[in-house]
Structures are given as structure tokens and as C-alpha cells.
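Colleague: File protein-v7.tsv below, TSV, C-alpha atoms and all ligand atoms:
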chain	number	residue	atom	x	y	z
A	1	MET	CA	156.95	152.04	-15.99
A	2	SER	CA	159.98	154.24	-16.72
A	3	ILE	CA	162.14	155.53	-13.86
A	4	SER	CA	161.00	159.04	-14.69
A	5	ALA	CA	157.31	158.10	-14.50
A	6	ARG	CA	157.84	156.30	-11.19
A	7	VAL	CA	159.69	159.28	-9.72
A	8	LYS	CA	156.96	161.64	-10.90
A	9	ARG	CA	154.26	159.45	-9.37
A	10	GLY	CA	156.36	159.17	-6.20
A	11	VAL	CA	156.62	162.91	-5.75
A	12	LYS	CA	152.97	163.50	-6.63
A	13	SER	CA	151.79	160.85	-4.18
A	14	ASN	CA	154.21	161.86	-1.41
A	15	LYS	CA	156.12	158.55	-1.36
A	16	PHE	CA	159.68	159.73	-0.73
A	17	PHE	CA	160.82	159.23	2.83
A	18	PRO	CA	163.77	160.33	4.98
A	19	LEU	CA	166.62	158.41	6.53
A	20	PHE	CA	168.85	160.19	9.05
A	21	GLN	CA	172.64	159.99	9.20
A	22	PRO	CA	174.34	161.14	12.44
A	23	ILE	CA	176.77	164.05	12.48
A	24	VAL	CA	179.10	163.99	15.49
A	25	ASN	CA	181.52	166.25	17.29
A	26	ILE	CA	184.84	164.58	16.40
A	27	GLN	CA	186.54	165.94	19.50
A	28	THR	CA	183.97	164.58	22.00
A	29	GLY	CA	182.26	161.83	20.00
A	30	LYS	CA	178.82	163.22	20.81
A	31	ILE	CA	176.05	163.47	18.23
A	32	VAL	CA	175.22	167.08	17.29
A	33	GLY	CA	172.83	166.59	14.41
A	34	CYS	CA	171.90	164.54	11.39
A	35	GLU	CA	171.56	164.76	7.62
A	36	VAL	CA	168.25	163.89	6.03
A	37	LEU	CA	168.77	161.56	3.07
A	38	ALA	CA	165.88	160.71	0.76
A	39	ARG	CA	164.88	157.17	-0.11
A	40	PHE	CA	162.30	155.69	-2.46
A	41	GLU	CA	160.58	152.38	-3.00
A	42	ASP	CA	157.43	151.51	-4.94
A	43	ASN	CA	155.77	148.27	-6.08
A	44	GLU	CA	158.50	147.85	-8.72
A	45	GLY	CA	161.31	148.13	-6.18
A	46	LYS	CA	163.87	150.66	-4.95
A	47	ILE	CA	165.30	153.59	-6.87
A	48	PHE	CA	168.51	155.08	-5.48
A	49	PRO	CA	169.27	158.81	-5.07
A	50	ASP	CA	171.88	158.86	-7.83
A	51	GLU	CA	169.03	157.98	-10.19
A	52	PHE	CA	166.07	159.81	-8.69
A	53	ILE	CA	167.75	163.14	-7.87
A	54	PRO	CA	168.50	163.99	-11.55
A	55	LYS	CA	164.94	162.90	-12.49
A	56	VAL	CA	163.38	165.08	-9.81
A	57	ARG	CA	165.37	167.98	-11.21
A	58	GLU	CA	164.46	167.23	-14.86
A	59	LEU	CA	160.80	166.90	-13.96
A	60	GLY	CA	160.83	170.34	-12.35
A	61	LEU	CA	159.67	168.83	-9.05
A	62	SER	CA	162.65	169.78	-6.90
A	63	TRP	CA	160.79	171.95	-4.43
A	64	GLU	CA	157.78	169.62	-4.07
A	65	PHE	CA	160.25	166.83	-3.38
A	66	THR	CA	162.25	168.78	-0.81
A	67	GLU	CA	159.11	169.99	0.92
A	68	GLN	CA	157.85	166.47	1.62
A	69	LEU	CA	161.20	165.46	3.09
A	70	VAL	CA	161.30	168.49	5.37
A	71	GLU	CA	157.75	167.86	6.57
A	72	LYS	CA	158.23	164.14	7.13
A	73	SER	CA	161.58	164.42	8.88
A	74	LEU	CA	160.47	167.22	11.22
A	75	LEU	CA	157.21	165.42	11.98
A	76	ARG	CA	159.09	162.24	12.93
A	77	LEU	CA	161.51	164.13	15.18
A	78	SER	CA	158.68	166.11	16.81
A	79	GLU	CA	156.68	162.95	17.48
A	80	SER	CA	159.65	161.50	19.33
A	81	GLY	CA	159.04	163.92	22.19
A	82	ILE	CA	162.80	164.25	22.72
A	83	ASP	CA	164.10	167.66	23.79
A	84	LEU	CA	165.96	168.62	20.62
A	85	LYS	CA	166.87	172.19	21.44
A	86	GLY	CA	169.92	173.06	19.38
A	87	PHE	CA	169.98	169.73	17.52
A	88	LYS	CA	170.94	170.30	13.88
A	89	VAL	CA	168.90	168.79	11.06
A	90	ASN	CA	170.58	169.09	7.68
A	91	ILE	CA	168.35	169.26	4.62
A	92	ASN	CA	169.72	169.01	1.06
A	93	ILE	CA	168.46	171.85	-1.09
A	94	PHE	CA	168.63	172.20	-4.88
A	95	PRO	CA	170.61	175.34	-5.89
A	96	SER	CA	167.95	176.14	-8.51
A	97	ASP	CA	165.37	176.46	-5.73
A	98	VAL	CA	167.59	179.02	-4.03
A	99	SER	CA	168.01	181.07	-7.20
A	100	SER	CA	164.29	180.93	-7.99
A	101	GLY	CA	163.32	181.79	-4.41
A	102	LYS	CA	161.13	178.68	-4.01
A	103	VAL	CA	163.28	177.67	-1.05
A	104	LEU	CA	161.88	180.61	0.93
A	105	LYS	CA	158.66	178.62	1.30
A	106	ILE	CA	160.49	176.58	3.91
A	107	ILE	CA	160.05	179.43	6.37
A	108	ASP	CA	156.32	178.71	6.64
A	109	LEU	CA	156.34	174.91	6.62
A	110	PRO	CA	154.85	173.09	9.63
A	111	TYR	CA	157.24	172.52	12.58
A	112	VAL	CA	159.87	174.83	11.12
A	113	ASN	CA	159.16	177.84	13.30
A	114	ASP	CA	157.77	176.24	16.42
A	115	HIS	CA	160.54	173.68	16.68
A	116	PRO	CA	163.67	174.08	18.80
A	117	ILE	CA	165.91	172.27	16.30
A	118	LYS	CA	168.36	174.18	14.13
A	119	ILE	CA	167.77	173.60	10.42
A	120	VAL	CA	170.90	173.52	8.25
A	121	LEU	CA	170.38	173.92	4.52
A	122	GLU	CA	172.99	171.99	2.53
A	123	ILE	CA	173.75	173.33	-0.89
A	124	VAL	CA	176.13	171.57	-3.24
A	125	GLU	CA	178.83	173.54	-4.89
A	126	ASP	CA	177.46	174.66	-8.19
A	127	GLU	CA	178.06	177.40	-10.72
A	128	GLN	CA	174.81	178.89	-9.44
A	129	LEU	CA	176.43	179.71	-6.10
A	130	THR	CA	177.18	183.06	-7.65
A	131	GLY	CA	174.50	185.52	-8.62
A	132	LYS	CA	172.74	188.28	-6.81
A	133	GLU	CA	169.38	186.58	-6.34
A	134	PHE	CA	171.06	183.49	-4.96
A	135	ALA	CA	172.94	185.50	-2.34
A	136	ASN	CA	169.87	187.58	-1.47
A	137	HIS	CA	167.71	184.54	-0.87
A	138	LEU	CA	170.37	182.92	1.31
A	139	GLU	CA	170.57	186.13	3.32
A	140	ILE	CA	166.80	186.06	3.96
A	141	LEU	CA	167.05	182.46	5.17
A	142	VAL	CA	169.92	183.35	7.48
A	143	GLN	CA	167.87	186.20	8.93
A	144	HIS	CA	165.15	183.66	9.69
A	145	GLY	CA	167.61	181.54	11.67
A	146	PHE	CA	168.58	178.89	9.14
A	147	LEU	CA	172.22	177.82	8.90
A	148	ILE	CA	173.83	177.37	5.49
A	149	ALA	CA	176.26	174.56	4.64
A	150	ILE	CA	178.24	174.16	1.44
A	151	ASP	CA	178.04	170.45	0.58
A	152	ASP	CA	180.67	168.34	-1.22
A	153	PHE	CA	183.17	171.17	-0.83
A	154	GLY	CA	186.20	170.80	-3.07
A	155	THR	CA	184.47	169.04	-5.94
A	156	GLY	CA	182.72	171.90	-7.66
A	157	TYR	CA	183.23	175.35	-9.01
A	158	SER	CA	183.34	177.51	-5.94
A	159	ASN	CA	186.35	178.27	-3.80
A	160	LEU	CA	186.75	179.72	-0.35
A	161	ASN	CA	186.93	183.20	-1.79
A	162	GLN	CA	183.43	182.79	-3.27
A	163	VAL	CA	182.17	181.06	-0.16
A	164	SER	CA	183.37	183.96	1.98
A	165	LYS	CA	181.07	186.27	0.03
A	166	LEU	CA	178.02	184.16	0.78
A	167	SER	CA	176.25	183.81	4.09
A	168	CYS	CA	177.68	180.42	4.93
A	169	HIS	CA	178.23	178.80	8.31
A	170	ILE	CA	179.44	175.30	7.55
A	171	LEU	CA	181.72	173.65	4.99
A	172	LYS	CA	181.30	169.95	4.37
A	173	ILE	CA	184.57	168.63	3.00
A	174	ASP	CA	183.79	166.10	0.29
A	175	ARG	CA	184.49	162.50	1.17
A	176	SER	CA	186.99	162.15	-1.71
A	177	PHE	CA	189.41	164.20	0.45
A	178	ILE	CA	188.88	161.99	3.48
A	179	ASN	CA	189.18	158.88	1.32
A	180	ALA	CA	192.53	160.04	0.02
A	181	MET	CA	194.07	160.39	3.50
A	182	GLU	CA	195.38	156.86	3.68
A	183	GLY	CA	197.48	157.24	0.55
A	184	GLY	CA	198.75	160.61	1.76
A	185	SER	CA	197.83	162.07	-1.64
A	186	ILE	CA	198.01	165.70	-2.69
A	187	ARG	CA	194.24	165.90	-2.38
A	188	SER	CA	194.29	165.02	1.31
A	189	SER	CA	197.22	167.37	1.98
A	190	LEU	CA	194.83	170.23	1.11
A	191	ILE	CA	192.64	169.48	4.14
A	192	PRO	CA	194.72	171.51	6.64
A	193	TYR	CA	194.58	174.53	4.33
A	194	ILE	CA	190.81	174.27	3.96
A	195	VAL	CA	190.50	174.03	7.74
A	196	GLN	CA	192.80	177.00	8.34
A	197	MET	CA	190.91	179.22	5.91
A	198	ALA	CA	187.55	178.11	7.27
A	199	ASN	CA	188.76	179.01	10.78
A	200	GLU	CA	189.74	182.47	9.63
A	201	LEU	CA	186.29	182.92	8.09
A	202	HIS	CA	184.61	181.56	11.29
A	203	ILE	CA	183.08	178.72	9.29
A	204	ASP	CA	182.65	175.29	10.93
A	205	VAL	CA	183.95	172.23	9.12
A	206	VAL	CA	182.31	168.82	8.72
A	207	ALA	CA	184.43	165.97	7.36
A	208	GLU	CA	182.29	163.68	5.20
A	209	GLY	CA	182.70	159.96	4.60
A	210	VAL	CA	184.68	159.11	7.74
A	211	GLU	CA	184.90	155.33	7.58
A	212	ASN	CA	187.67	154.28	9.96
A	213	ILE	CA	189.52	155.13	13.17
A	214	MET	CA	192.67	156.18	11.37
A	215	GLN	CA	190.79	158.89	9.46
A	216	HIS	CA	188.98	159.87	12.64
A	217	GLN	CA	192.26	160.31	14.57
A	218	ALA	CA	193.88	162.33	11.80
A	219	LEU	CA	190.84	164.62	11.51
A	220	LYS	CA	190.73	165.00	15.28
A	221	ASN	CA	194.40	166.01	15.31
A	222	LEU	CA	193.67	168.61	12.64
A	223	GLY	CA	191.14	170.14	15.02
A	224	ILE	CA	188.15	169.49	12.76
A	225	LEU	CA	184.95	170.03	14.69
A	226	ASN	CA	182.41	167.67	13.11
A	227	GLY	CA	182.35	164.41	11.20
A	228	GLN	CA	179.88	162.25	9.33
A	229	GLY	CA	180.34	158.77	7.93
A	230	TRP	CA	179.88	155.06	8.39
A	231	LEU	CA	182.25	155.04	11.39
A	232	TYR	CA	179.74	157.15	13.33
A	233	GLY	CA	176.54	155.79	11.78
A	234	LYS	CA	174.94	154.90	8.47
A	235	PRO	CA	171.75	156.57	7.23
A	236	MET	CA	169.02	155.11	9.50
A	237	SER	CA	165.32	155.28	10.23
A	238	ALA	CA	163.91	157.67	12.81
A	239	ASP	CA	163.20	154.67	15.03
A	240	ASP	CA	166.90	153.81	15.05
A	241	LEU	CA	168.01	157.42	15.42
A	242	CYS	CA	165.82	158.31	18.40
A	243	PRO	CA	167.58	156.16	21.03
A	244	ILE	CA	170.88	157.72	19.92
A	245	ILE	CA	169.69	161.32	20.21
A	246	LYS	CA	167.78	160.83	23.43
A	247	HIS	CA	170.69	162.16	25.46
A	248	PHE	CA	172.29	164.32	22.82
A	249	LYS	CA	172.96	167.13	25.26
B	1	LIG	O1	172.72	158.20	0.66
B	1	LIG	P1	173.14	158.87	-0.46
B	1	LIG	O2	173.12	157.72	-1.44
B	1	LIG	O3	171.93	159.22	0.16
B	1	LIG	O4	172.76	160.13	-1.38
B	1	LIG	C1	173.30	160.22	-2.66
B	1	LIG	C2	173.21	161.63	-3.17
B	1	LIG	O5	171.84	162.05	-3.23
B	1	LIG	C3	173.94	162.63	-2.28
B	1	LIG	O6	174.69	163.48	-3.11
B	1	LIG	C4	172.85	163.41	-1.62
B	1	LIG	O7	173.23	164.76	-1.46
B	1	LIG	C5	171.69	163.29	-2.59
B	1	LIG	N1	170.45	163.35	-1.84
B	1	LIG	C6	169.97	162.45	-0.97
B	1	LIG	N2	168.82	162.88	-0.41
B	1	LIG	C7	168.57	164.10	-0.97
B	1	LIG	C8	167.54	165.06	-0.80
B	1	LIG	O8	166.62	164.91	-0.01
B	1	LIG	N3	167.62	166.19	-1.56
B	1	LIG	C9	168.64	166.40	-2.44
B	1	LIG	N4	168.65	167.54	-3.14
B	1	LIG	N5	169.63	165.53	-2.60
B	1	LIG	C10	169.61	164.40	-1.87
B	2	LIG	O1	174.72	165.03	0.49
B	2	LIG	P1	175.90	164.21	0.19
B	2	LIG	O2	176.37	164.23	-1.20
B	2	LIG	O3	177.04	164.47	1.09
B	2	LIG	O4	175.36	162.74	0.53
B	2	LIG	C1	175.95	161.95	1.42
B	2	LIG	C2	176.19	160.65	0.70
B	2	LIG	O5	177.34	160.02	1.25
B	2	LIG	C3	175.06	159.67	0.83
B	2	LIG	O6	175.03	158.92	-0.34
B	2	LIG	C4	175.54	158.79	1.99
B	2	LIG	O7	174.91	157.53	2.00
B	2	LIG	C5	177.01	158.70	1.64
B	2	LIG	N1	177.86	158.37	2.78
B	2	LIG	C6	177.69	158.75	4.05
B	2	LIG	N2	178.71	158.31	4.83
B	2	LIG	C7	179.53	157.62	4.01
B	2	LIG	C8	180.76	156.92	4.22
B	2	LIG	O8	181.33	156.85	5.31
B	2	LIG	N3	181.33	156.34	3.13
B	2	LIG	C9	180.76	156.40	1.90
B	2	LIG	N4	181.39	155.79	0.89
B	2	LIG	N5	179.60	157.06	1.67
B	2	LIG	C10	178.99	157.66	2.71
B	3	MN	MN	174.51	166.56	1.71
B	4	NA	NA	178.22	165.87	0.71
For this file, write the structure as C-alpha cells.

Modeller:
Amino acid sequence: MSISARVKRGVKSNKFFPLFQPIVNIQTGKIVGCEVLARFEDNEGKIFPDEFIPKVRELGLSWEFTEQLVEKSLLRLSESGIDLKGFKVNINIFPSDVSSGKVLKIIDLPYVNDHPIKIVLEIVEDEQLTGKEFANHLEILVQHGFLIAIDDFGTGYSNLNQVSKLSCHILKIDRSFINAMEGGSIRSSLIPYIVQMANELHIDVVAEGVENIMQHQALKNLGILNGQGWLYGKPMSADDLCPIIKHFK
């Protein structure tokens, strides 16, 4: 069966499942939330996100796909019985679902309203970040208590000027910037400027792809609030995450 046919069958039969990657406070080392990352496996084997995400988009199944990940991840966290008041759960959202307004269906999904967690909607930088409908729909989500994060910041089309016009609470600095720190490249020398501007806009920063102590120390010295990466934890099952978040407060 083609990849496309397998992905279509996977969405239609609700076979995508979430892994959870910790997001920590770099200054204290404590876990503050997690990012939900989709995974897929059928009788023919695994398909990785780099392959299935474009297919999901091409098939026009982006919202159906996102919906099942939201439902499954919130169900798993609810079942844990852990007091998760204020715990952040980051969900990746397709920009096209923001423009079209489909994303607003999230407001009425099970566990979304009656759950004490804070849902963060991650949106990759995209040309679609502009546009009136896009901004209006984000605004509605913000009014309903969702937080908005710009994902992979620094790789796409938008800049801080555009971001400042959107309702946005969190910037996730793309891991290519963090990666470049060791070489002391021009790319990594931009990090302090991104942080300074984010501070002025009252936007929190998450450093992505933190893999070693040296990067961690440098980011800590820059005063960056949050970090995500293999140093703090790889994407893991809910069973592995729960012991870690048990005492998250
Ligand atoms: O673990 P990683 O290989 O999970 O993910 C690779 C890429 O796939 C990342 O850019 C990530 O944003 C994207 N991705 C993973 N899970 C989801 C998801 O549930 N929804 C969307 N839109 N993208 C996802
Ligand atoms: O949504 P986003 O594009 O940020 O997806 C996160 C991606 O980054 C996922 O593919 C995840 O597995 C990957 N990732 C998370 N932490 C690290 C890390 O420390 N190093 C590398 N190379 N990749 C990471
Ligand atoms: Mn993301
Ligand atoms: Na990212």
C-alpha cells in the first residue's frame, strides 16, 4: 500500500498516537509542560512525521488528524489522576486550520474545558501567519484561554515585527540556532537579540533541541526561561512521562 493510502487509513481509523517530550524551566530544571508529537505504525511498519505530516496535509485531513491527537493526549493525562493544574501541553497545529477556522473546534473537544492543564497551540512560521482571518481566529482562541506559540522561530517568513502583531505568548527558537552555538556562528549570535526583543514584547522563549550541558549553561546565562531537547528528555510514552510529572509543582 502507498504511504498516502496508509496515512489516510491511519487517520480514518484513528491510529495515530501521541508521544510527549518534556519542556523544562532552564533556570530551575523543573518540568513545566510537554509537547505532543505524533507517531504512527501499522502492519507494514512505522512511518515518520517528516513523511506523514505532508501526506496528512495533502489529503486534507489535517484537522481530523490533530483532533485525534488532542483527544488521546488529554485522555491519557486525565487518566493519570495527577494534579496538572497549570501544566502546559503543547499541540502542533496546521496554519491552514487556523486560517480556515477549523481549529476553533478544539474549544469543544472532550477534556479541553474541564481540564486544569494549559493548552499551548504551536504554529510553525508560515506565510499564512499574516492575514486577517488568521489573526481573528487566534484572538478567539486566546480569549478562550489557549496560549499561542510560534514554532521553529527563525526558519520561516515571519519576524518579530509580525509576531508582535499577533496574539502570541511563546517563541520557540528553532534548534538550528541552538545547534550552531558550539561553533559560535553568526546564527547563534542572534539568540541574545531574539531574547531581548521577546522580553520587550513580554513573550516567553523556549530553546529547542538542547542536547548538551554546554548549550544548557549558555542558554541559562542568557536568561532563557524554558528549554526542550534530548538533554531534558526524548519524546516518550505517557507511562514514562507520568512519573516525571507527578511532582511537577
Ligand atoms: O519527533 P519529531 O520527529 O516528532 O517531529 C517531526 C516534525 O513533525 C516536527 O516538525 C513536528 O512539528 C511535526 N509533528 C509531529 N507531531 C505533529 C503533530 O501532531 N501535528 C503537526 N502538525 N506536526 C507534528
Ligand atoms: O514541532 P517541532 O518541529 O519543534 O518538532 C520537534 C522535533 O524536534 C521532533 O522531531 C523532535 O523529535 C525533535 N527533537 C526534540 N529534541 C531534539 C533534540 O535535542 N535534538 C534533535 N536533533 N531533535 C530534537
Ligand atoms: Mn512543535
Ligand atoms: Na519546533

Colleague: Residues at most 10 Å from Lys85 in chain A, counting only C-alpha atoms, excluding those fewer than 2 positions away in the same chain, as a PyMOL selection string?

Modeller: chain A and resi 82-83+87-88+115-118+248-249

Colleague: If you keep C-alpha atoms, can you produce a file of those selected residues as a PDB file, in the frame of the given file?

Modeller:
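Output file selection.pdb follows:
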ATOM      1  CA  ILE A  82     162.800 164.250  22.720  1.00  0.00           C
ATOM      2  CA  ASP A  83     164.100 167.660  23.790  1.00  0.00           C
ATOM      3  CA  PHE A  87     169.980 169.730  17.520  1.00  0.00           C
ATOM      4  CA  LYS A  88     170.940 170.300  13.880  1.00  0.00           C
ATOM      5  CA  HIS A 115     160.540 173.680  16.680  1.00  0.00           C
ATOM      6  CA  PRO A 116     163.670 174.080  18.800  1.00  0.00           C
ATOM      7  CA  ILE A 117     165.910 172.270  16.300  1.00  0.00           C
ATOM      8  CA  LYS A 118     168.360 174.180  14.130  1.00  0.00           C
ATOM      9  CA  PHE A 248     172.290 164.320  22.820  1.00  0.00           C
ATOM     10  CA  LYS A 249     172.960 167.130  25.260  1.00  0.00           C
TER      11      LYS A 249
END

Colleague: Nearest to ligand NA 4 (chain B) among A:Glu133, A:Glu182, A:Glu71, A:Glu35, with distances taken over only C-alpha atoms and all ligand atoms: which residue is it?

Modeller: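 The shortest atom-to-atom distance to ligand NA 4 (chain B) comes from A:Glu35.
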
Colleague: Find the axis-aligned box for ligand LIG 2 (chain B), covering all its listed atoms and adding 5 Å on each side, and write its centre and edge lengths in Å to one decimal as AutoDock Vina command-line options.

Modeller:
--center_x 178.1 --center_y 160.4 --center_z 2.1 --size_x 16.7 --size_y 19.2 --size_z 16.5

Colleague: Using all atoms listed in the file, which protein or nucleic acid residues come within 8 Å of Val11 in chain A? Drop anything in the same chain fewer than 5 positions from it, and give the result as a list in words.

Modeller: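 Residues near the query, excluding close chain neighbours: Phe16, Leu61, Glu64 and Phe65 of chain A.
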
Colleague: Counting all atoms listed in the file, which protein, DNA or RNA residues come within 12 Å of ligand MN 3 (chain B), given as a PyMOL selection string?

Modeller: chain A and resi 20-21+23+34-38+49+89-94+120-125+148-153+170-175+206-209+228-229+235

Colleague: When you draw a straight line from CA of Ile245 in chain A to CA of Ser73 in chain A, how long is it in Å?

Modeller: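 It comes out at 14.3 Å.
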
Colleague: Taking only C-alpha atoms and all ligand atoms into account, name the residue in A:Ala218, A:Leu231, A:Ile213, A:Cys242 that is nearest to ligand LIG 2 (chain B).

Modeller: A:Leu231

Colleague: Please return range 167-181 of chain A, rebuilt to N, CA and C atoms, as a PDB file, in the coordinates of the input.

Modeller:
ATOM      1  N   SER A 167     176.532 184.098   2.693  1.00  0.00           N
ATOM      2  CA  SER A 167     176.250 183.810   4.090  1.00  0.00           C
ATOM      3  C   SER A 167     176.377 182.307   4.236  1.00  0.00           C
ATOM      4  N   CYS A 168     177.461 181.858   4.806  1.00  0.00           N
ATOM      5  CA  CYS A 168     177.680 180.420   4.930  1.00  0.00           C
ATOM      6  C   CYS A 168     178.304 180.129   6.282  1.00  0.00           C
ATOM      7  N   HIS A 169     177.777 179.108   6.949  1.00  0.00           N
ATOM      8  CA  HIS A 169     178.230 178.800   8.310  1.00  0.00           C
ATOM      9  C   HIS A 169     179.059 177.526   8.403  1.00  0.00           C
ATOM     10  N   ILE A 170     178.845 176.629   7.447  1.00  0.00           N
ATOM     11  CA  ILE A 170     179.440 175.300   7.550  1.00  0.00           C
ATOM     12  C   ILE A 170     179.977 174.854   6.199  1.00  0.00           C
ATOM     13  N   LEU A 171     181.162 174.259   6.201  1.00  0.00           N
ATOM     14  CA  LEU A 171     181.720 173.650   4.990  1.00  0.00           C
ATOM     15  C   LEU A 171     181.760 172.152   5.208  1.00  0.00           C
ATOM     16  N   LYS A 172     181.189 171.398   4.285  1.00  0.00           N
ATOM     17  CA  LYS A 172     181.300 169.950   4.370  1.00  0.00           C
ATOM     18  C   LYS A 172     182.350 169.508   3.355  1.00  0.00           C
ATOM     19  N   ILE A 173     183.482 169.054   3.883  1.00  0.00           N
ATOM     20  CA  ILE A 173     184.570 168.630   3.000  1.00  0.00           C
ATOM     21  C   ILE A 173     184.199 167.312   2.352  1.00  0.00           C
ATOM     22  N   ASP A 174     184.227 167.279   1.037  1.00  0.00           N
ATOM     23  CA  ASP A 174     183.790 166.100   0.290  1.00  0.00           C
ATOM     24  C   ASP A 174     184.562 164.852   0.699  1.00  0.00           C
ATOM     25  N   ARG A 175     183.881 163.718   0.667  1.00  0.00           N
ATOM     26  CA  ARG A 175     184.490 162.500   1.170  1.00  0.00           C
ATOM     27  C   ARG A 175     185.681 162.031   0.326  1.00  0.00           C
ATOM     28  N   SER A 176     185.815 162.525  -0.903  1.00  0.00           N
ATOM     29  CA  SER A 176     186.990 162.150  -1.710  1.00  0.00           C
ATOM     30  C   SER A 176     188.287 162.622  -1.037  1.00  0.00           C
ATOM     31  N   PHE A 177     188.226 163.715  -0.276  1.00  0.00           N
ATOM     32  CA  PHE A 177     189.410 164.200   0.450  1.00  0.00           C
ATOM     33  C   PHE A 177     189.749 163.276   1.609  1.00  0.00           C
ATOM     34  N   ILE A 178     188.691 162.827   2.294  1.00  0.00           N
ATOM     35  CA  ILE A 178     188.880 161.990   3.480  1.00  0.00           C
ATOM     36  C   ILE A 178     189.395 160.608   3.045  1.00  0.00           C
ATOM     37  N   ASN A 179     188.786 160.132   1.952  1.00  0.00           N
ATOM     38  CA  ASN A 179     189.180 158.880   1.320  1.00  0.00           C
ATOM     39  C   ASN A 179     190.650 158.821   0.975  1.00  0.00           C
ATOM     40  N   ALA A 180     191.162 159.966   0.535  1.00  0.00           N
ATOM     41  CA  ALA A 180     192.530 160.040   0.020  1.00  0.00           C
ATOM     42  C   ALA A 180     193.575 160.089   1.135  1.00  0.00           C
ATOM     43  N   MET A 181     193.116 160.188   2.391  1.00  0.00           N
ATOM     44  CA  MET A 181     194.070 160.390   3.500  1.00  0.00           C
ATOM     45  C   MET A 181     195.033 159.228   3.654  1.00  0.00           C
TER      46      MET A 181
END
